[in-house]
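Trainee: Contents of data_4.txt (compact mmCIF, N, CA and C atoms) are below:
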```
# COMPACT_ATOMS: atom_id res chain seq x y z
N ILE A 10 25.71 9.81 -32.03
CA ILE A 10 26.95 10.42 -32.49
C ILE A 10 28.01 9.34 -32.66
N PRO A 11 28.88 9.47 -33.67
CA PRO A 11 29.85 8.42 -33.91
C PRO A 11 31.03 8.38 -32.93
N MET A 12 31.31 9.50 -32.24
CA MET A 12 32.42 9.50 -31.30
C MET A 12 32.31 10.73 -30.39
N ILE A 13 32.71 10.56 -29.14
CA ILE A 13 32.75 11.69 -28.22
C ILE A 13 33.98 12.52 -28.58
N GLY A 14 33.77 13.81 -28.82
CA GLY A 14 34.88 14.68 -29.18
C GLY A 14 34.37 16.04 -29.62
N THR A 15 35.26 16.80 -30.20
CA THR A 15 34.95 18.15 -30.66
C THR A 15 35.02 18.21 -32.17
N THR A 16 34.00 18.77 -32.81
CA THR A 16 34.02 18.92 -34.26
C THR A 16 35.04 19.98 -34.64
N SER A 17 36.03 19.58 -35.44
CA SER A 17 37.07 20.53 -35.84
C SER A 17 36.85 21.05 -37.25
N GLN A 18 36.12 20.30 -38.06
CA GLN A 18 35.79 20.77 -39.41
C GLN A 18 34.43 20.22 -39.79
N SER A 19 33.56 21.09 -40.24
CA SER A 19 32.21 20.70 -40.63
C SER A 19 32.14 20.38 -42.11
N TYR A 20 31.00 19.89 -42.52
CA TYR A 20 30.73 19.58 -43.93
C TYR A 20 30.70 20.87 -44.74
N SER A 21 31.32 20.83 -45.94
CA SER A 21 31.27 21.96 -46.87
C SER A 21 31.49 21.43 -48.27
N ALA A 22 31.41 22.30 -49.25
CA ALA A 22 31.61 21.90 -50.64
C ALA A 22 33.00 21.28 -50.85
N GLY A 23 33.98 21.75 -50.11
CA GLY A 23 35.34 21.24 -50.25
C GLY A 23 35.69 20.14 -49.26
N HIS A 24 34.75 19.79 -48.38
CA HIS A 24 35.02 18.80 -47.34
C HIS A 24 33.75 18.00 -47.10
N ILE A 25 33.65 16.82 -47.73
CA ILE A 25 32.39 16.06 -47.69
C ILE A 25 32.28 15.17 -46.46
N GLY A 26 32.43 15.77 -45.31
CA GLY A 26 32.28 15.04 -44.07
C GLY A 26 32.52 15.95 -42.89
N MET A 27 32.73 15.33 -41.74
CA MET A 27 33.03 16.08 -40.52
C MET A 27 34.27 15.46 -39.90
N ASP A 28 35.13 16.30 -39.35
CA ASP A 28 36.26 15.82 -38.58
C ASP A 28 35.95 16.04 -37.11
N ILE A 29 36.11 14.97 -36.33
CA ILE A 29 35.82 15.03 -34.90
C ILE A 29 37.10 14.66 -34.17
N LEU A 30 37.62 15.60 -33.37
CA LEU A 30 38.83 15.36 -32.59
C LEU A 30 38.48 14.50 -31.38
N SER A 31 39.31 13.51 -31.13
CA SER A 31 39.10 12.61 -30.00
C SER A 31 39.55 13.29 -28.71
N VAL A 32 38.73 13.19 -27.68
CA VAL A 32 39.10 13.75 -26.39
C VAL A 32 39.83 12.71 -25.54
N SER A 33 39.78 11.45 -25.96
CA SER A 33 40.45 10.36 -25.25
C SER A 33 40.51 9.17 -26.19
N GLN A 34 40.71 8.02 -25.65
CA GLN A 34 40.69 6.80 -26.46
C GLN A 34 39.26 6.27 -26.56
N ALA A 35 38.28 7.16 -26.62
CA ALA A 35 36.88 6.74 -26.74
C ALA A 35 36.68 6.00 -28.05
N PRO A 36 35.90 4.93 -28.04
CA PRO A 36 35.68 4.19 -29.28
C PRO A 36 34.79 4.96 -30.25
N VAL A 37 34.96 4.64 -31.51
CA VAL A 37 34.06 5.12 -32.56
C VAL A 37 32.89 4.14 -32.58
N VAL A 38 31.66 4.67 -32.67
CA VAL A 38 30.48 3.80 -32.64
C VAL A 38 29.63 3.99 -33.89
N ALA A 39 28.84 2.98 -34.19
CA ALA A 39 27.93 3.03 -35.34
C ALA A 39 26.88 4.10 -35.11
N ALA A 40 26.66 4.94 -36.13
CA ALA A 40 25.68 6.02 -36.03
C ALA A 40 24.25 5.50 -36.06
N GLU A 41 24.04 4.32 -36.66
CA GLU A 41 22.69 3.75 -36.79
C GLU A 41 22.83 2.25 -37.06
N ASN A 42 21.74 1.52 -36.94
CA ASN A 42 21.73 0.09 -37.25
C ASN A 42 22.09 -0.12 -38.72
N GLY A 43 22.78 -1.23 -39.01
CA GLY A 43 23.09 -1.53 -40.40
C GLY A 43 24.01 -2.72 -40.54
N VAL A 44 24.57 -2.86 -41.74
CA VAL A 44 25.51 -3.94 -42.04
C VAL A 44 26.81 -3.33 -42.56
N VAL A 45 27.93 -3.85 -42.09
CA VAL A 45 29.23 -3.38 -42.53
C VAL A 45 29.45 -3.87 -43.96
N VAL A 46 29.64 -2.92 -44.89
CA VAL A 46 29.85 -3.28 -46.29
C VAL A 46 31.31 -3.14 -46.71
N PHE A 47 32.14 -2.50 -45.89
CA PHE A 47 33.58 -2.43 -46.12
C PHE A 47 34.28 -2.22 -44.80
N SER A 48 35.37 -2.96 -44.60
CA SER A 48 36.18 -2.81 -43.40
C SER A 48 37.60 -3.20 -43.78
N GLY A 49 38.49 -2.20 -43.83
CA GLY A 49 39.85 -2.54 -44.20
C GLY A 49 40.74 -1.33 -44.41
N PRO A 50 41.98 -1.59 -44.87
CA PRO A 50 42.94 -0.51 -45.09
C PRO A 50 42.60 0.31 -46.33
N THR A 51 43.06 1.55 -46.34
CA THR A 51 42.84 2.43 -47.48
C THR A 51 44.17 3.01 -47.94
N ILE A 52 44.16 3.61 -49.09
CA ILE A 52 45.36 4.18 -49.68
C ILE A 52 45.93 5.33 -48.85
N GLU A 53 45.07 6.02 -48.09
CA GLU A 53 45.53 7.14 -47.26
C GLU A 53 46.38 6.67 -46.09
N GLY A 54 46.35 5.38 -45.78
CA GLY A 54 47.18 4.85 -44.71
C GLY A 54 46.44 4.44 -43.46
N GLY A 55 45.19 4.81 -43.35
CA GLY A 55 44.41 4.41 -42.19
C GLY A 55 43.45 3.28 -42.52
N GLN A 56 42.71 2.86 -41.54
CA GLN A 56 41.66 1.86 -41.73
C GLN A 56 40.35 2.61 -41.93
N GLU A 57 39.43 1.99 -42.65
CA GLU A 57 38.16 2.63 -42.96
C GLU A 57 37.04 1.61 -42.80
N LEU A 58 35.85 2.08 -42.42
CA LEU A 58 34.70 1.20 -42.26
C LEU A 58 33.47 1.91 -42.83
N HIS A 59 32.65 1.16 -43.60
CA HIS A 59 31.42 1.70 -44.20
C HIS A 59 30.26 0.84 -43.72
N ILE A 60 29.16 1.50 -43.34
CA ILE A 60 27.96 0.79 -42.89
C ILE A 60 26.78 1.21 -43.76
N GLN A 61 26.08 0.21 -44.32
CA GLN A 61 24.84 0.45 -45.08
C GLN A 61 23.69 0.45 -44.08
N HIS A 62 22.86 1.51 -44.16
CA HIS A 62 21.72 1.67 -43.26
C HIS A 62 20.42 1.68 -44.07
N PRO A 63 19.28 1.48 -43.41
CA PRO A 63 17.99 1.62 -44.10
C PRO A 63 17.84 3.02 -44.70
N GLY A 64 17.02 3.15 -45.73
CA GLY A 64 16.75 4.45 -46.34
C GLY A 64 17.85 4.91 -47.28
N GLN A 65 18.66 3.98 -47.80
CA GLN A 65 19.72 4.28 -48.77
C GLN A 65 20.82 5.18 -48.19
N PHE A 66 21.09 5.03 -46.90
CA PHE A 66 22.19 5.76 -46.26
C PHE A 66 23.40 4.85 -46.09
N ILE A 67 24.58 5.43 -46.23
CA ILE A 67 25.83 4.77 -45.90
C ILE A 67 26.64 5.73 -45.04
N SER A 68 27.10 5.25 -43.90
CA SER A 68 27.99 6.06 -43.07
C SER A 68 29.42 5.55 -43.28
N VAL A 69 30.36 6.50 -43.35
CA VAL A 69 31.76 6.19 -43.63
C VAL A 69 32.61 6.73 -42.48
N TYR A 70 33.44 5.87 -41.95
CA TYR A 70 34.30 6.20 -40.81
C TYR A 70 35.75 6.04 -41.28
N LYS A 71 36.46 7.16 -41.42
CA LYS A 71 37.83 7.14 -41.93
C LYS A 71 38.81 7.48 -40.83
N ASN A 72 40.07 7.08 -41.07
CA ASN A 72 41.17 7.38 -40.16
C ASN A 72 41.09 6.54 -38.88
N LEU A 73 40.63 5.30 -39.03
CA LEU A 73 40.59 4.41 -37.88
C LEU A 73 41.93 3.71 -37.72
N GLU A 74 42.37 3.60 -36.50
CA GLU A 74 43.63 2.92 -36.20
C GLU A 74 43.39 1.43 -35.98
N VAL A 75 42.24 1.11 -35.35
CA VAL A 75 41.87 -0.27 -35.05
C VAL A 75 40.43 -0.48 -35.52
N LEU A 76 40.18 -1.61 -36.18
CA LEU A 76 38.83 -1.98 -36.60
C LEU A 76 38.31 -3.09 -35.70
N TYR A 77 37.08 -2.93 -35.20
CA TYR A 77 36.46 -3.96 -34.37
C TYR A 77 35.50 -4.84 -35.16
N ARG A 78 35.11 -4.41 -36.35
CA ARG A 78 34.08 -5.13 -37.13
C ARG A 78 34.61 -5.52 -38.49
N LYS A 79 34.03 -6.60 -39.04
CA LYS A 79 34.42 -7.10 -40.36
C LYS A 79 33.28 -6.91 -41.35
N THR A 80 33.61 -6.90 -42.62
CA THR A 80 32.60 -6.82 -43.68
C THR A 80 31.58 -7.94 -43.49
N GLY A 81 30.30 -7.58 -43.61
CA GLY A 81 29.21 -8.53 -43.48
C GLY A 81 28.59 -8.58 -42.09
N GLU A 82 29.22 -8.00 -41.09
CA GLU A 82 28.68 -8.03 -39.74
C GLU A 82 27.53 -7.04 -39.58
N LEU A 83 26.52 -7.43 -38.81
CA LEU A 83 25.43 -6.53 -38.44
C LEU A 83 25.87 -5.72 -37.24
N VAL A 84 25.51 -4.43 -37.23
CA VAL A 84 25.81 -3.56 -36.09
C VAL A 84 24.54 -2.81 -35.70
N ALA A 85 24.49 -2.46 -34.43
CA ALA A 85 23.38 -1.66 -33.91
C ALA A 85 23.91 -0.27 -33.58
N ARG A 86 23.02 0.71 -33.60
CA ARG A 86 23.40 2.06 -33.22
C ARG A 86 24.11 2.03 -31.86
N GLY A 87 25.28 2.65 -31.79
CA GLY A 87 26.03 2.71 -30.54
C GLY A 87 27.04 1.60 -30.34
N ASP A 88 27.03 0.57 -31.22
CA ASP A 88 28.03 -0.49 -31.11
C ASP A 88 29.41 0.07 -31.44
N ALA A 89 30.41 -0.32 -30.66
CA ALA A 89 31.79 0.08 -30.94
C ALA A 89 32.25 -0.59 -32.23
N ILE A 90 32.83 0.21 -33.14
CA ILE A 90 33.30 -0.34 -34.42
C ILE A 90 34.80 -0.15 -34.62
N GLY A 91 35.45 0.67 -33.79
CA GLY A 91 36.89 0.87 -33.92
C GLY A 91 37.39 2.00 -33.05
N LEU A 92 38.69 2.30 -33.22
CA LEU A 92 39.33 3.43 -32.54
C LEU A 92 39.92 4.35 -33.58
N CYS A 93 39.79 5.66 -33.38
CA CYS A 93 40.33 6.61 -34.35
C CYS A 93 41.84 6.72 -34.20
N GLY A 94 42.48 7.17 -35.28
CA GLY A 94 43.93 7.33 -35.28
C GLY A 94 44.32 8.73 -35.70
N ASN A 95 45.57 8.88 -36.11
CA ASN A 95 46.03 10.18 -36.61
C ASN A 95 46.87 9.99 -37.87
N LEU A 96 46.50 8.98 -38.68
CA LEU A 96 47.25 8.67 -39.89
C LEU A 96 46.75 9.44 -41.11
N TYR A 97 45.44 9.61 -41.23
CA TYR A 97 44.83 10.20 -42.42
C TYR A 97 45.26 11.64 -42.63
N GLU A 98 45.33 12.40 -41.56
CA GLU A 98 45.81 13.78 -41.61
C GLU A 98 46.49 14.05 -40.27
N PRO A 99 47.76 13.64 -40.15
CA PRO A 99 48.45 13.70 -38.85
C PRO A 99 48.45 15.07 -38.18
N SER A 100 48.39 16.14 -38.96
CA SER A 100 48.43 17.48 -38.37
C SER A 100 47.24 17.75 -37.46
N LEU A 101 46.13 17.04 -37.66
CA LEU A 101 44.95 17.23 -36.81
C LEU A 101 45.05 16.47 -35.50
N GLY A 102 45.95 15.51 -35.41
CA GLY A 102 46.01 14.65 -34.23
C GLY A 102 44.97 13.55 -34.35
N ARG A 103 44.71 12.88 -33.25
CA ARG A 103 43.78 11.75 -33.23
C ARG A 103 42.37 12.26 -33.53
N HIS A 104 41.81 11.81 -34.66
CA HIS A 104 40.49 12.29 -35.05
C HIS A 104 39.78 11.28 -35.96
N LEU A 105 38.49 11.43 -36.05
CA LEU A 105 37.65 10.64 -36.95
C LEU A 105 37.18 11.54 -38.08
N HIS A 106 37.30 11.05 -39.33
CA HIS A 106 36.66 11.73 -40.45
C HIS A 106 35.40 10.92 -40.73
N PHE A 107 34.23 11.56 -40.57
CA PHE A 107 32.93 10.89 -40.70
C PHE A 107 32.17 11.46 -41.89
N GLU A 108 31.70 10.58 -42.76
CA GLU A 108 30.88 10.99 -43.90
C GLU A 108 29.54 10.28 -43.85
N LEU A 109 28.53 10.93 -44.43
CA LEU A 109 27.21 10.33 -44.57
C LEU A 109 26.78 10.51 -46.02
N TRP A 110 26.36 9.40 -46.63
CA TRP A 110 25.93 9.39 -48.03
C TRP A 110 24.48 8.93 -48.10
N LYS A 111 23.69 9.54 -48.99
CA LYS A 111 22.30 9.13 -49.22
C LYS A 111 22.08 8.97 -50.71
N SER A 112 21.64 7.80 -51.10
CA SER A 112 21.37 7.49 -52.51
C SER A 112 22.57 7.80 -53.41
N GLY A 113 23.78 7.55 -52.91
CA GLY A 113 24.98 7.73 -53.70
C GLY A 113 25.59 9.12 -53.69
N PHE A 114 25.05 10.04 -52.89
CA PHE A 114 25.55 11.41 -52.84
C PHE A 114 25.90 11.78 -51.39
N PRO A 115 27.00 12.54 -51.21
CA PRO A 115 27.33 12.97 -49.85
C PRO A 115 26.33 14.00 -49.35
N VAL A 116 26.00 13.89 -48.06
CA VAL A 116 25.09 14.85 -47.42
C VAL A 116 25.74 15.34 -46.13
N ASP A 117 25.26 16.46 -45.63
CA ASP A 117 25.77 17.02 -44.39
C ASP A 117 25.29 16.16 -43.22
N PRO A 118 26.20 15.49 -42.51
CA PRO A 118 25.78 14.64 -41.40
C PRO A 118 24.99 15.38 -40.33
N ALA A 119 25.27 16.66 -40.14
CA ALA A 119 24.58 17.44 -39.11
C ALA A 119 23.09 17.61 -39.40
N ARG A 120 22.67 17.37 -40.64
CA ARG A 120 21.24 17.45 -40.98
C ARG A 120 20.49 16.20 -40.53
N TYR A 121 21.21 15.12 -40.21
CA TYR A 121 20.58 13.84 -39.90
C TYR A 121 20.94 13.28 -38.52
N ILE A 122 22.05 13.75 -37.97
CA ILE A 122 22.55 13.21 -36.71
C ILE A 122 22.79 14.36 -35.74
N VAL A 123 22.41 14.15 -34.48
CA VAL A 123 22.66 15.15 -33.45
C VAL A 123 24.07 14.91 -32.91
N PHE A 124 24.92 15.92 -33.01
CA PHE A 124 26.28 15.84 -32.49
C PHE A 124 26.35 16.61 -31.19
N ALA A 125 26.83 15.95 -30.14
CA ALA A 125 26.94 16.60 -28.83
C ALA A 125 28.04 17.66 -28.89
N PRO A 126 27.92 18.71 -28.11
CA PRO A 126 28.95 19.75 -28.10
C PRO A 126 30.26 19.25 -27.52
```
Here is a file; write its structure as structure tokens.
Mentor:
Amino acid sequence: IPMIGTTSQSYSAGHIGMDILSVSQAPVVAAENGVVVFSGPTIEGGQELHIQHPGQFISVYKNLEVLYRKTGELVARGDAIGLCGNLYEPSLGRHLHFELWKSGFPVDPARYIVFAP
């Protein structure tokens, strides 16, 4: 799982990811082994990190306040990659917006990753 917390919004046609509310200052972690292909600021105002994984998967971590990894770094499943913030959608509070893409298309992360309650 990318972060300990509560899922506040699941994947749907209008929301291509999952929002996970932070229960504390728990770090956001890599969902699987891979290489960081983007790490930096975004137009929404938060920091964002993308990891390329085997099998044509890319995981996207949005609304990060602090980034621990740089583009080109190798990461292992469970490695801390940053801390979530509340800039992307402040009304939700401190949360992570997590997306999973396969072969260039968004997919429901819950079909591939076990999220703890």
Trainee: Write out as a count of residues only the residues lying within 5 Å of segment 31-47 of chain A, counting all atoms listed in the file and excluding same-chain residues fewer than 2 positions away.
Mentor: 26
Trainee: Can you measure atom CA of Pro115 of chain A to atom CA of Ser19 of chain A for me? One decimal in Å is fine.
Mentor: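 Atom CA of Ser19 of chain A lies 13.0 Å from atom CA of Pro115 of chain A.
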Trainee: Record the distance separating atom N of Val116 of chain A and atom N of Gly102 of chain A, expressed in Å with one decimal.
Mentor: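 Atom N of Gly102 of chain A lies at a distance of 23.7 Å from atom N of Val116 of chain A.
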Trainee: May I ask which of the residues A:Tyr20, A:Ile52, A:Tyr121, A:Leu105 is the closest one to Glu74 of chain A, counting only C-alpha atoms?
Mentor: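 With only C-alpha atoms as the atom set, the closest residue is A:Leu105.
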Trainee: What's the separation between atom C of Leu96 of chain A and atom N of Leu30 of chain A, in Å to one decimal place?
Mentor: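 Rounded to one decimal, the two atoms are 13.5 Å apart.
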Trainee: DSSP says helix (DSSP H, G or I) for which residues of chain A? Put them as a list in words?
Mentor: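 DSSP on the backbone gives helix (DSSP H, G or I) at Pro99, Ser100, Leu101, Pro118, Ala119 and Arg120 of chain A.
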Trainee: Which residue is closest to Trp110 of chain A? Choose from A:Asn95, A:Gln65, A:Asn72, A:Thr16 and count all atoms listed in the file.
Mentor: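 Closest to Trp110 of chain A of all the choices is A:Gln65.
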Trainee: Just checking: using all atoms listed in the file, which residue out of A:Pro50, A:Phe107, A:Ser112, A:Ile122 ends up closest to Gly26 of chain A?
Mentor: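 With all atoms listed in the file as the atom set, the closest residue is A:Phe107.
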Trainee: For the strand (DSSP E) assignment from backbone DSSP, which residues of chain A qualify? Please present them as a PyMOL selection string.
Mentor: chain A and resi 14-18+27-31+37-38+43-50+56-62+66-76+83-84+89-93+104-111+114-116
Trainee: Given the choices A:Asp28, A:Ser48, A:His106, A:Val123, which gets closest to Lys71 of chain A if the distance is worked out from all atoms listed in the file?
Mentor: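 Checking each of A:Asp28, A:Ser48, A:His106, A:Val123 against Lys71 of chain A, counting all atoms listed in the file, the winner is A:His106.
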Trainee: Counting all atoms listed in the file, which of A:Gly113, A:Tyr70, A:Ile25, A:Ser17 gets nearest to Gln56 of chain A?
Mentor: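 Of A:Gly113, A:Tyr70, A:Ile25, A:Ser17, the one nearest Gln56 of chain A, counting all atoms listed in the file, is A:Tyr70.
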